[in-house]
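What follows is a short report on a single structure.
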Number of protein chains: 2
Amino acid sequence: MTISEENYLKVIYHLSLVSPKGVNTNAIAGMLDTKASSVTDMLKKLAEKDVVTYKKYQGVSLTNNGLLQAKKIVRRHRLWEVFLVEKLQFTWDEVHEIAEELEHIKSEKLINSLDAYLDFPAFDPHGDPIPNEKGEIKKQEKQLLSEMPTGVVCKCVGVKDSSADFLQYLDKQKITLGSEIKILEKETFDELIKVEVDAKEVILSNKIAVNLYVQ
Amino acid sequence: MTISEENYLKVIYHLSLVSPKGVNTNAIAGMLDTKASSVTDMLKKLAEKDVVTYKKYQGVSLTNNGLLQAKKIVRRHRLWEVFLVEKLQFTWDEVHEIAEELEHIKSEKLINSLDAYLDFPAFDPHGDPIPNEKGEIKKQEKQLLSEMPTGVVCKCVGVKDSSADFLQYLDKQKITLGSEIKILEKETFDELIKVEVDAKEVILSNKIAVNLYVQ
DNA sequence: AATTAAATTTAGACAAAACTAAAAATATTT
DNA sequence: AAATATTTTTAGTTTTGTCTAAATTTAATT
């Protein structure tokens with residue numbers, strides 16, 4: 001598998017978690033910053049290789065084999081992210097770009113040794129689950145901050161949007177993985193949420209609340 | 001720079017250490033397992049980019065810029081090798097292939113963090129020097145085992161041939177980086193060398209002796 | 001010095017992965 | 001249901017890095 005093919009597989013995997021009944025050509029093009037016609041070409045090739053099932057105009061889905069391959073790529077990506085944060089002191093907003101490259105290094109021995117070296121982490125620095133060697137994923141129950149009722153104390157366990165911009169904004173508010181968040185007040189009119197983090201009161205917009213997973 | 005261009009630069013660098021007055025097209029083709037015509041094409045492109053000076057039929061050499069680039073690639077390669085051996089328990093014969101891939105990950109921050117994490121190693125697992133951030137290389141004085149006189153005790157500090165086959169052969173003889181080697185007898189007729197390693201007598205062929213650096 | 005051999009370059013072609021522009025299929029409106 | 005809009009596919013190019021085969025230059029021999 002080429003790097004390009006791997007990137008397609010990965011994107012199809014992520015999109016199929018949201019739309020399990022078939023992923024759109026355009027959606028893939030959007031994620032990969034390429035053109036729909038290029039996607040069509042690649043889908044044919046991937047179908048040839050039996051990693052996706054593809055019918056003209058009907059979108060694609062992963063085959064069992066394709067799913068396993070995709071999980072391996074995600075596994076590599078997330079393990080490297082853990083490495084960068086835990087061992088090389090990167091912050092959670094810096095790791096994605098580099099992991100995009102590292103994820104394509106394919107040695108099984110490398111990735112399993114890395115996994116052991118990191119003590120078999122179940123989640124990456126953004127709270128996303130890391131598939132194990134067999135592709136099994138430990139599901140974590142989590143809810144969006146926006147869905148939590150007033151008064152409760154919850155813990156930040158992940159982000160939906162893991163863009164550097166969002167993560168840096170969270171840093172500015174002293175919110176990070178594991179932060180305790182107490183919901184003080186929810187304003188129904190403009191959906192602002194007043195919370196307490198680090199013994200300080202903070203106002204969070206809805207845009208933040210719908211992108212923050214808590215438990 | 002593409003991966004392919006980096007591979008050419010790296011090979012030209014290694015070859016220019018042996019033939020500083022210009023590297024042959026054929027030599028490059030041999031190292032990269034490609035054809036001379038492909039090399040010619042690439043040399044033109046690299047000359048365009050000012051990383052090599054190239055004159056038809058005269059071979060190539062690196063420009064100052066090209067030399068720095070090449071050293072960066074070598075630096076990355078060797079740092080990853082140290083990482084694999086020191087942190088992930090790889091053996092010295094397993095690391096080259098994987099480092100061939102890892103060397104193309106280009107984040108400066110990544111490589112400098114890795115360097116610090118590994119405590120700024122000066123040599124890789126085969127005894128080859130690791131350029132620092134500025135491209136400076138710490139030279140180590142070393143001689144081939146074949147050049148040492150009878151009677152002396154020396155220490156293995158590197159290998160000239162770092163192929164897996166050779167390294168595994170050395171492992172079988174219990175010779176590794178840092179091994180003390182006492183030269184007991186040199187046979188002039190067939191150039192076999194009797195040495196003592198690990199309190200055991202071993203006979204080494206000339207092929208071994210001309211590929212083992214000692215101090 | 002002429003001839004042969006070896007190394008190198010040119011010319012033309014190919015595969016991968018992208019693109020543009022146009023055509024076809026599906027969805028959505030009116 | 002017809003018209004329009006959107007999505008997807010096809011057809012034909014482009015770029016990168018490779019190849020083969022032929023031509024050219026340099027090196028080695030006789």
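Residue numbers start at 1 in each chain; chains themselves are named A, B, ... in the order of the structure tokens; ligands are numbered from 1 in the order shown.
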Practice task
Could you please write out, as a PyMOL selection string, every residue of range 92-207 of chain B that DSSP assigns to alpha helix (DSSP H)?
Solution key: chain B and resi 95-102+108-117+164-172+206-207
Residue selection dump (N, CA and C atoms) as a PDB file, in the first residue's frame:
ATOM      1  N   VAL B  95      17.987  -2.421  12.605  1.00  0.00           N
ATOM      2  CA  VAL B  95      17.558  -1.021  12.610  1.00  0.00           C
ATOM      3  C   VAL B  95      17.664  -0.276  11.279  1.00  0.00           C
ATOM      4  N   HIS B  96      18.541  -0.753  10.411  1.00  0.00           N
ATOM      5  CA  HIS B  96      18.797   0.020   9.195  1.00  0.00           C
ATOM      6  C   HIS B  96      17.553   0.196   8.323  1.00  0.00           C
ATOM      7  N   GLU B  97      16.858  -0.886   8.077  1.00  0.00           N
ATOM      8  CA  GLU B  97      15.696  -0.852   7.186  1.00  0.00           C
ATOM      9  C   GLU B  97      14.650   0.146   7.673  1.00  0.00           C
ATOM     10  N   ILE B  98      14.360   0.083   8.954  1.00  0.00           N
ATOM     11  CA  ILE B  98      13.320   0.956   9.504  1.00  0.00           C
ATOM     12  C   ILE B  98      13.781   2.408   9.492  1.00  0.00           C
ATOM     13  N   ALA B  99      15.071   2.606   9.796  1.00  0.00           N
ATOM     14  CA  ALA B  99      15.601   3.971   9.788  1.00  0.00           C
ATOM     15  C   ALA B  99      15.579   4.561   8.376  1.00  0.00           C
ATOM     16  N   GLU B 100      15.653   3.689   7.364  1.00  0.00           N
ATOM     17  CA  GLU B 100      15.541   4.155   5.977  1.00  0.00           C
ATOM     18  C   GLU B 100      14.222   4.883   5.747  1.00  0.00           C
ATOM     19  N   GLU B 101      13.196   4.431   6.460  1.00  0.00           N
ATOM     20  CA  GLU B 101      11.899   5.092   6.331  1.00  0.00           C
ATOM     21  C   GLU B 101      11.796   6.293   7.255  1.00  0.00           C
ATOM     22  N   LEU B 102      12.213   6.104   8.488  1.00  0.00           N
ATOM     23  CA  LEU B 102      12.058   7.174   9.481  1.00  0.00           C
ATOM     24  C   LEU B 102      12.872   8.417   9.124  1.00  0.00           C
ATOM     25  N   GLU B 108      11.947  19.483  12.207  1.00  0.00           N
ATOM     26  CA  GLU B 108      13.162  19.856  12.950  1.00  0.00           C
ATOM     27  C   GLU B 108      12.955  19.660  14.448  1.00  0.00           C
ATOM     28  N   LYS B 109      11.766  20.063  14.900  1.00  0.00           N
ATOM     29  CA  LYS B 109      11.493  19.949  16.335  1.00  0.00           C
ATOM     30  C   LYS B 109      11.529  18.478  16.768  1.00  0.00           C
ATOM     31  N   LEU B 110      10.942  17.624  15.925  1.00  0.00           N
ATOM     32  CA  LEU B 110      10.944  16.198  16.246  1.00  0.00           C
ATOM     33  C   LEU B 110      12.364  15.693  16.419  1.00  0.00           C
ATOM     34  N   ILE B 111      13.206  16.005  15.460  1.00  0.00           N
ATOM     35  CA  ILE B 111      14.521  15.389  15.473  1.00  0.00           C
ATOM     36  C   ILE B 111      15.383  15.966  16.592  1.00  0.00           C
ATOM     37  N   ASN B 112      15.201  17.240  16.880  1.00  0.00           N
ATOM     38  CA  ASN B 112      15.988  17.817  17.964  1.00  0.00           C
ATOM     39  C   ASN B 112      15.486  17.349  19.335  1.00  0.00           C
ATOM     40  N   SER B 113      14.197  17.133  19.452  1.00  0.00           N
ATOM     41  CA  SER B 113      13.663  16.579  20.697  1.00  0.00           C
ATOM     42  C   SER B 113      14.162  15.145  20.886  1.00  0.00           C
ATOM     43  N   LEU B 114      14.148  14.406  19.790  1.00  0.00           N
ATOM     44  CA  LEU B 114      14.631  13.027  19.851  1.00  0.00           C
ATOM     45  C   LEU B 114      16.101  13.007  20.268  1.00  0.00           C
ATOM     46  N   ASP B 115      16.865  13.904  19.679  1.00  0.00           N
ATOM     47  CA  ASP B 115      18.288  14.010  19.991  1.00  0.00           C
ATOM     48  C   ASP B 115      18.484  14.232  21.492  1.00  0.00           C
ATOM     49  N   ALA B 116      17.726  15.179  22.048  1.00  0.00           N
ATOM     50  CA  ALA B 116      17.827  15.482  23.478  1.00  0.00           C
ATOM     51  C   ALA B 116      17.388  14.274  24.309  1.00  0.00           C
ATOM     52  N   TYR B 117      16.293  13.647  23.870  1.00  0.00           N
ATOM     53  CA  TYR B 117      15.749  12.493  24.594  1.00  0.00           C
ATOM     54  C   TYR B 117      16.767  11.363  24.677  1.00  0.00           C
ATOM     55  N   ALA B 164      23.013  -6.631   7.560  1.00  0.00           N
ATOM     56  CA  ALA B 164      22.474  -7.523   8.594  1.00  0.00           C
ATOM     57  C   ALA B 164      23.284  -8.817   8.657  1.00  0.00           C
ATOM     58  N   ASP B 165      23.649  -9.355   7.501  1.00  0.00           N
ATOM     59  CA  ASP B 165      24.410 -10.608   7.459  1.00  0.00           C
ATOM     60  C   ASP B 165      25.715 -10.495   8.249  1.00  0.00           C
ATOM     61  N   PHE B 166      26.444  -9.436   7.986  1.00  0.00           N
ATOM     62  CA  PHE B 166      27.724  -9.247   8.666  1.00  0.00           C
ATOM     63  C   PHE B 166      27.511  -9.062  10.170  1.00  0.00           C
ATOM     64  N   LEU B 167      26.541  -8.256  10.517  1.00  0.00           N
ATOM     65  CA  LEU B 167      26.288  -7.969  11.938  1.00  0.00           C
ATOM     66  C   LEU B 167      25.865  -9.227  12.687  1.00  0.00           C
ATOM     67  N   GLN B 168      25.072 -10.048  12.028  1.00  0.00           N
ATOM     68  CA  GLN B 168      24.643 -11.294  12.663  1.00  0.00           C
ATOM     69  C   GLN B 168      25.819 -12.258  12.828  1.00  0.00           C
ATOM     70  N   TYR B 169      26.697 -12.232  11.855  1.00  0.00           N
ATOM     71  CA  TYR B 169      27.897 -13.076  11.953  1.00  0.00           C
ATOM     72  C   TYR B 169      28.742 -12.641  13.157  1.00  0.00           C
ATOM     73  N   LEU B 170      28.871 -11.329  13.309  1.00  0.00           N
ATOM     74  CA  LEU B 170      29.617 -10.819  14.461  1.00  0.00           C
ATOM     75  C   LEU B 170      28.955 -11.233  15.777  1.00  0.00           C
ATOM     76  N   ASP B 171      27.639 -11.141  15.820  1.00  0.00           N
ATOM     77  CA  ASP B 171      26.900 -11.557  17.021  1.00  0.00           C
ATOM     78  C   ASP B 171      27.242 -12.997  17.376  1.00  0.00           C
ATOM     79  N   LYS B 172      27.305 -13.840  16.346  1.00  0.00           N
ATOM     80  CA  LYS B 172      27.587 -15.258  16.551  1.00  0.00           C
ATOM     81  C   LYS B 172      28.973 -15.446  17.181  1.00  0.00           C
ATOM     82  N   ASN B 206      39.909 -12.721   6.897  1.00  0.00           N
ATOM     83  CA  ASN B 206      40.284 -11.377   6.466  1.00  0.00           C
ATOM     84  C   ASN B 206      39.050 -10.535   6.128  1.00  0.00           C
ATOM     85  N   LYS B 207      38.039 -11.196   5.593  1.00  0.00           N
ATOM     86  CA  LYS B 207      36.821 -10.471   5.214  1.00  0.00           C
ATOM     87  C   LYS B 207      36.204  -9.780   6.436  1.00  0.00           C
TER      88      LYS B 207
END
Produce a table with one row for each residue of chain C that has an atom at most 8 Å from any atom of range 2-14 of chain D, each row naming the nearest atom pair and its distance in Å at one decimal; use only C-alpha atoms (C1' of nucleotides); arrange rows by chain and rising residue number; format as a Markdown table.
| residue | atom | partner | partner_atom | distance |
| --- | --- | --- | --- | --- |
| C:DC19 | C1' | D:DT14 | C1' | 7.3 |
| C:DA23 | C1' | D:DT10 | C1' | 7.2 |
| C:DA24 | C1' | D:DT9 | C1' | 7.2 |
| C:DA25 | C1' | D:DT8 | C1' | 7.3 |
| C:DT26 | C1' | D:DT7 | C1' | 7.3 |
| C:DA27 | C1' | D:DT6 | C1' | 7.0 |
| C:DT28 | C1' | D:DA5 | C1' | 7.1 |
| C:DT29 | C1' | D:DT4 | C1' | 7.2 |
| C:DT30 | C1' | D:DA3 | C1' | 7.8 |
For the interface of chain C with chain B (cut-off 12 Å, counting only C-alpha atoms (C1' of nucleotides)), please tabulate each contacting residue of chain C alongside its nearest pair of atoms and their separation in Å to one decimal, rows sorted by chain and increasing number, as CSV.
residue,atom,partner,partner_atom,distance
C:DA6,C1',B:Asn26,CA,10.8
C:DA7,C1',B:Asn26,CA,7.5
C:DT8,C1',B:Tyr57,CA,5.8
C:DT9,C1',B:Ser37,CA,7.1
C:DT10,C1',B:Ser37,CA,9.0
C:DA11,C1',B:Ser37,CA,11.2
Generate a file of the selected residues that holds N, CA, C and O atoms (P, O5', C5', C4', C3', O3' and C1' of nucleotides), formatted as a compact mmCIF listing (two decimals), in the first residue's frame.
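As written to disk, selection_6.txt reads:
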# COMPACT_ATOMS: atom_id res chain seq x y z
P DA C 6 33.88 -3.92 -21.36
O5' DA C 6 33.56 -2.50 -20.70
C5' DA C 6 34.62 -1.75 -20.12
C4' DA C 6 34.11 -0.38 -19.77
C3' DA C 6 32.80 -0.39 -18.97
O3' DA C 6 33.05 0.32 -17.77
C1' DA C 6 32.65 1.12 -20.80
P DA C 7 31.91 0.54 -16.68
O5' DA C 7 31.46 2.04 -16.96
C5' DA C 7 32.45 3.05 -17.02
C4' DA C 7 31.81 4.37 -17.43
C3' DA C 7 30.56 4.74 -16.64
O3' DA C 7 30.75 6.05 -16.17
C1' DA C 7 30.12 4.83 -18.98
P DT C 8 29.63 6.80 -15.30
O5' DT C 8 28.79 7.52 -16.44
C5' DT C 8 29.43 8.52 -17.23
C4' DT C 8 28.47 9.06 -18.26
C3' DT C 8 27.14 9.57 -17.68
O3' DT C 8 27.14 10.97 -17.83
C1' DT C 8 26.85 8.34 -19.71
P DT C 9 25.85 11.82 -17.37
O5' DT C 9 25.02 11.91 -18.73
C5' DT C 9 25.65 12.49 -19.87
C4' DT C 9 24.75 12.36 -21.09
C3' DT C 9 23.36 12.97 -20.93
O3' DT C 9 23.18 13.93 -21.95
C1' DT C 9 23.22 10.79 -21.85
P DT C 10 21.86 14.81 -22.04
O5' DT C 10 21.02 14.04 -23.15
C5' DT C 10 21.44 14.10 -24.51
C4' DT C 10 20.52 13.24 -25.36
C3' DT C 10 19.07 13.71 -25.42
O3' DT C 10 18.72 13.86 -26.78
C1' DT C 10 19.17 11.40 -24.94
P DA C 11 17.42 14.70 -27.18
O5' DA C 11 16.42 13.54 -27.64
C5' DA C 11 16.94 12.39 -28.30
C4' DA C 11 15.83 11.34 -28.44
C3' DA C 11 14.41 11.90 -28.34
O3' DA C 11 13.61 11.25 -29.32
C1' DA C 11 14.72 10.22 -26.71
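The spacing separating CA of Asp124 in chain B from CA of Arg78 in chain B amounts to 5.4 Å.
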Where does chain C meet range 18-21 of chain D within 10 Å, residue by residue, with the nearest atom pair and distance in Å to one decimal for each, counting only C-alpha atoms (C1' of nucleotides), listed by chain and rising number, as CSV?
residue,atom,partner,partner_atom,distance
C:DA11,C1',D:DA21,C1',9.2
C:DG12,C1',D:DT20,C1',9.2
C:DA13,C1',D:DC19,C1',8.0
C:DC14,C1',D:DC19,C1',7.6
C:DA15,C1',D:DT18,C1',8.7
Using all heavy atoms, can you export the residues from the last selection as a compact mmCIF listing (two decimals), in the first residue's frame?
# COMPACT_ATOMS: atom_id res chain seq x y z
P DA C 11 17.42 14.70 -27.18
OP1 DA C 11 17.79 15.50 -28.36
OP2 DA C 11 16.86 15.36 -25.98
O5' DA C 11 16.42 13.54 -27.64
C5' DA C 11 16.94 12.39 -28.30
C4' DA C 11 15.83 11.34 -28.44
O4' DA C 11 15.96 10.37 -27.37
C3' DA C 11 14.41 11.90 -28.34
O3' DA C 11 13.61 11.25 -29.32
C2' DA C 11 13.98 11.54 -26.93
C1' DA C 11 14.72 10.22 -26.71
N9 DA C 11 15.02 9.90 -25.32
C8 DA C 11 15.37 10.76 -24.31
N7 DA C 11 15.60 10.17 -23.16
C5 DA C 11 15.38 8.82 -23.44
C6 DA C 11 15.47 7.67 -22.63
N6 DA C 11 15.79 7.68 -21.34
N1 DA C 11 15.19 6.49 -23.22
C2 DA C 11 14.86 6.46 -24.52
N3 DA C 11 14.75 7.48 -25.37
C4 DA C 11 15.03 8.64 -24.75
P DG C 12 12.09 11.71 -29.55
OP1 DG C 12 11.90 11.70 -31.02
OP2 DG C 12 11.80 12.92 -28.75
O5' DG C 12 11.28 10.48 -28.96
C5' DG C 12 11.63 9.15 -29.35
C4' DG C 12 10.90 8.18 -28.45
O4' DG C 12 11.55 8.11 -27.16
C3' DG C 12 9.45 8.57 -28.17
O3' DG C 12 8.64 7.40 -28.22
C2' DG C 12 9.52 9.17 -26.78
C1' DG C 12 10.57 8.24 -26.16
N9 DG C 12 11.16 8.71 -24.92
C8 DG C 12 11.48 10.00 -24.57
N7 DG C 12 12.00 10.07 -23.36
C5 DG C 12 12.02 8.77 -22.91
C6 DG C 12 12.46 8.23 -21.68
O6 DG C 12 12.94 8.81 -20.70
N1 DG C 12 12.29 6.84 -21.63
C2 DG C 12 11.78 6.09 -22.64
N2 DG C 12 11.69 4.77 -22.44
N3 DG C 12 11.37 6.58 -23.80
C4 DG C 12 11.51 7.92 -23.86
P DA C 13 7.03 7.49 -28.06
OP1 DA C 13 6.45 6.91 -29.29
OP2 DA C 13 6.65 8.85 -27.61
O5' DA C 13 6.75 6.48 -26.86
C5' DA C 13 7.59 5.32 -26.72
C4' DA C 13 7.29 4.65 -25.40
O4' DA C 13 8.14 5.21 -24.37
C3' DA C 13 5.85 4.78 -24.92
O3' DA C 13 5.40 3.51 -24.47
C2' DA C 13 5.94 5.80 -23.79
C1' DA C 13 7.34 5.52 -23.24
N9 DA C 13 7.96 6.66 -22.56
C8 DA C 13 8.10 7.94 -23.03
N7 DA C 13 8.70 8.75 -22.18
C5 DA C 13 8.99 7.95 -21.09
C6 DA C 13 9.63 8.19 -19.85
N6 DA C 13 10.11 9.38 -19.50
N1 DA C 13 9.75 7.16 -19.00
C2 DA C 13 9.26 5.96 -19.34
N3 DA C 13 8.66 5.60 -20.48
C4 DA C 13 8.55 6.65 -21.31
P DC C 14 3.91 3.28 -24.00
OP1 DC C 14 3.50 1.97 -24.52
OP2 DC C 14 3.11 4.50 -24.27
O5' DC C 14 4.08 3.14 -22.41
C5' DC C 14 5.02 2.20 -21.89
C4' DC C 14 4.99 2.27 -20.37
O4' DC C 14 5.72 3.43 -19.92
C3' DC C 14 3.57 2.39 -19.79
O3' DC C 14 3.43 1.48 -18.71
C2' DC C 14 3.49 3.84 -19.34
C1' DC C 14 4.94 4.13 -18.97
N1 DC C 14 5.35 5.56 -19.04
C2 DC C 14 6.06 6.12 -17.97
O2 DC C 14 6.31 5.42 -16.98
N3 DC C 14 6.43 7.42 -18.03
C4 DC C 14 6.14 8.17 -19.09
N4 DC C 14 6.53 9.44 -19.12
C5 DC C 14 5.42 7.61 -20.20
C6 DC C 14 5.05 6.33 -20.14
P DA C 15 1.97 1.05 -18.23
OP1 DA C 15 1.85 -0.41 -18.32
OP2 DA C 15 1.00 1.94 -18.92
O5' DA C 15 2.00 1.45 -16.70
C5' DA C 15 3.03 0.94 -15.84
C4' DA C 15 3.00 1.68 -14.53
O4' DA C 15 3.52 3.02 -14.71
C3' DA C 15 1.59 1.85 -13.93
O3' DA C 15 1.67 1.63 -12.54
C2' DA C 15 1.21 3.27 -14.30
C1' DA C 15 2.56 3.98 -14.30
N9 DA C 15 2.65 5.10 -15.23
C8 DA C 15 2.13 5.19 -16.50
N7 DA C 15 2.39 6.32 -17.11
C5 DA C 15 3.12 7.03 -16.17
C6 DA C 15 3.70 8.32 -16.19
N6 DA C 15 3.62 9.14 -17.24
N1 DA C 15 4.37 8.71 -15.10
C2 DA C 15 4.45 7.88 -14.05
N3 DA C 15 3.96 6.66 -13.91
C4 DA C 15 3.30 6.29 -15.02
Fill in the blank from the handout: With distances taken over only C-alpha atoms (C1' of nucleotides), the candidate from A:Ala27, A:Val210, A:Val74, A:Cys154 nearest chain D is A:Ala27
Practice task
Would you mind writing down, as a PyMOL selection string, each residue of chain B that DSSP on the backbone assigns to strand (DSSP E or B)?
Solution key: chain B and resi 23+52-54+60-62+123+129+143-144+153-159+180-186+193-197+200-204+212-214
Same residues, N, CA, C and O atoms, output as a short mmCIF file (atom, residue, chain, number, x, y, z; two decimals), in the first residue's frame:
data_model
loop_
_atom_site.label_atom_id
_atom_site.label_comp_id
_atom_site.auth_asym_id
_atom_site.auth_seq_id
_atom_site.Cartn_x
_atom_site.Cartn_y
_atom_site.Cartn_z
N VAL B 23 31.26 11.98 -8.02
CA VAL B 23 30.62 10.68 -7.88
C VAL B 23 30.07 10.22 -9.22
O VAL B 23 29.43 10.99 -9.94
N VAL B 52 23.42 19.94 -5.94
CA VAL B 52 24.63 19.31 -6.50
C VAL B 52 25.17 20.16 -7.64
O VAL B 52 24.43 20.94 -8.25
N THR B 53 26.47 20.02 -7.90
CA THR B 53 27.03 20.60 -9.12
C THR B 53 27.25 19.44 -10.07
O THR B 53 27.86 18.42 -9.72
N TYR B 54 26.71 19.61 -11.27
CA TYR B 54 26.69 18.50 -12.21
C TYR B 54 27.14 18.98 -13.58
O TYR B 54 26.61 19.96 -14.10
N VAL B 60 29.06 14.04 -10.26
CA VAL B 60 28.48 15.10 -9.43
C VAL B 60 29.21 15.24 -8.11
O VAL B 60 29.84 14.30 -7.63
N SER B 61 29.04 16.42 -7.51
CA SER B 61 29.40 16.57 -6.11
C SER B 61 28.37 17.48 -5.45
O SER B 61 27.61 18.17 -6.13
N LEU B 62 28.34 17.44 -4.14
CA LEU B 62 27.34 18.21 -3.39
C LEU B 62 27.76 19.67 -3.29
O LEU B 62 28.95 19.97 -3.13
N PHE B 123 27.43 8.71 18.33
CA PHE B 123 27.59 7.60 17.39
C PHE B 123 26.34 6.72 17.37
O PHE B 123 25.65 6.59 18.37
N PRO B 129 29.32 8.15 13.07
CA PRO B 129 29.08 9.42 13.77
C PRO B 129 27.74 10.06 13.40
O PRO B 129 27.29 9.95 12.25
N GLN B 143 40.83 2.23 13.43
CA GLN B 143 41.56 1.50 12.39
C GLN B 143 40.84 0.20 12.13
O GLN B 143 40.06 -0.29 12.95
N LEU B 144 41.14 -0.37 10.98
CA LEU B 144 40.58 -1.69 10.70
C LEU B 144 41.32 -2.73 11.54
O LEU B 144 42.53 -2.60 11.79
N VAL B 153 45.64 -5.38 22.51
CA VAL B 153 44.24 -5.51 22.88
C VAL B 153 43.52 -4.26 22.38
O VAL B 153 43.98 -3.15 22.63
N CYS B 154 42.47 -4.45 21.63
CA CYS B 154 41.75 -3.29 21.11
C CYS B 154 40.26 -3.44 21.37
O CYS B 154 39.80 -4.45 21.87
N LYS B 155 39.54 -2.40 21.01
CA LYS B 155 38.11 -2.38 21.30
C LYS B 155 37.34 -2.14 20.02
O LYS B 155 37.70 -1.27 19.22
N CYS B 156 36.30 -2.92 19.80
CA CYS B 156 35.45 -2.74 18.61
C CYS B 156 34.68 -1.43 18.73
O CYS B 156 33.93 -1.24 19.68
N VAL B 157 34.88 -0.53 17.77
CA VAL B 157 34.17 0.75 17.82
C VAL B 157 33.29 1.01 16.61
O VAL B 157 32.66 2.07 16.51
N GLY B 158 33.24 0.07 15.69
CA GLY B 158 32.39 0.29 14.53
C GLY B 158 32.55 -0.79 13.48
O GLY B 158 33.43 -1.66 13.59
N VAL B 159 31.68 -0.73 12.48
CA VAL B 159 31.79 -1.67 11.36
C VAL B 159 31.80 -0.88 10.06
O VAL B 159 31.21 0.18 9.95
N GLU B 180 36.07 -6.15 23.75
CA GLU B 180 37.54 -6.15 23.81
C GLU B 180 38.05 -7.30 22.94
O GLU B 180 37.58 -8.44 23.08
N ILE B 181 38.98 -6.99 22.08
CA ILE B 181 39.53 -8.01 21.20
C ILE B 181 41.04 -8.05 21.35
O ILE B 181 41.73 -7.05 21.13
N LYS B 182 41.57 -9.22 21.74
CA LYS B 182 43.02 -9.37 21.86
C LYS B 182 43.52 -10.16 20.66
O LYS B 182 43.02 -11.25 20.36
N ILE B 183 44.49 -9.59 19.95
CA ILE B 183 44.99 -10.26 18.75
C ILE B 183 46.09 -11.25 19.13
O ILE B 183 47.18 -10.86 19.55
N LEU B 184 45.79 -12.51 18.96
CA LEU B 184 46.71 -13.56 19.40
C LEU B 184 47.69 -13.93 18.30
O LEU B 184 48.87 -14.14 18.57
N GLU B 185 47.21 -13.98 17.08
CA GLU B 185 48.07 -14.50 16.01
C GLU B 185 47.53 -14.07 14.65
O GLU B 185 46.33 -14.14 14.41
N LYS B 186 48.45 -13.62 13.77
CA LYS B 186 48.03 -13.27 12.41
C LYS B 186 48.74 -14.20 11.43
O LYS B 186 49.97 -14.23 11.38
N ILE B 193 43.02 -14.43 11.31
CA ILE B 193 43.49 -13.81 12.55
C ILE B 193 42.86 -14.55 13.73
O ILE B 193 41.64 -14.72 13.78
N LYS B 194 43.74 -14.99 14.64
CA LYS B 194 43.23 -15.63 15.85
C LYS B 194 43.11 -14.56 16.93
O LYS B 194 44.09 -13.87 17.23
N VAL B 195 41.93 -14.40 17.48
CA VAL B 195 41.74 -13.38 18.51
C VAL B 195 41.07 -13.98 19.74
O VAL B 195 40.55 -15.10 19.69
N GLU B 196 41.10 -13.21 20.80
CA GLU B 196 40.38 -13.63 22.01
C GLU B 196 39.28 -12.60 22.27
O GLU B 196 39.55 -11.41 22.38
N VAL B 197 38.07 -13.10 22.33
CA VAL B 197 36.91 -12.26 22.65
C VAL B 197 36.11 -12.95 23.73
O VAL B 197 35.85 -14.16 23.62
N LYS B 200 37.29 -16.17 25.03
CA LYS B 200 37.29 -17.35 24.16
C LYS B 200 38.09 -17.06 22.90
O LYS B 200 38.07 -15.95 22.38
N GLU B 201 38.76 -18.10 22.40
CA GLU B 201 39.52 -17.93 21.17
C GLU B 201 38.63 -18.07 19.94
O GLU B 201 37.78 -18.95 19.89
N VAL B 202 38.83 -17.17 19.00
CA VAL B 202 38.02 -17.18 17.78
C VAL B 202 38.94 -16.95 16.59
O VAL B 202 39.90 -16.19 16.69
N ILE B 203 38.65 -17.62 15.47
CA ILE B 203 39.41 -17.37 14.25
C ILE B 203 38.57 -16.48 13.34
O ILE B 203 37.42 -16.81 13.03
N LEU B 204 39.15 -15.38 12.93
CA LEU B 204 38.43 -14.46 12.04
C LEU B 204 39.08 -14.42 10.66
O LEU B 204 40.30 -14.35 10.56
N LEU B 212 35.93 -4.42 10.25
CA LEU B 212 35.72 -4.16 11.67
C LEU B 212 36.66 -3.06 12.12
O LEU B 212 37.88 -3.16 11.98
N TYR B 213 36.08 -1.99 12.66
CA TYR B 213 36.89 -0.88 13.15
C TYR B 213 37.20 -1.07 14.63
O TYR B 213 36.30 -1.43 15.41
N VAL B 214 38.45 -0.84 14.97
CA VAL B 214 38.84 -0.96 16.39
C VAL B 214 39.68 0.26 16.79
O VAL B 214 40.08 1.07 15.96
#
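Between chain B and the residues D:DA1, D:DA23, D:DG17, D:DT30, the shortest atom-to-atom distance, using only C-alpha atoms (C1' of nucleotides), involves D:DG17.
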Nearby residues (only C-alpha atoms (C1' of nucleotides)) at most 12 Å from DT4 in chain C, same-chain spacing under 5 positions excluded, as a PDB file with C-alpha atoms (C1' of nucleotides), in the first residue's frame:
ATOM      1  C1'  DA D  27      38.426   5.474 -21.170  1.00  0.00           C
ATOM      2  C1'  DA D  28      41.192   1.530 -22.251  1.00  0.00           C
ATOM      3  C1'  DT D  29      43.557  -1.573 -25.589  1.00  0.00           C
ATOM      4  C1'  DT D  30      45.737  -3.106 -29.229  1.00  0.00           C
TER       5       DT D  30
END
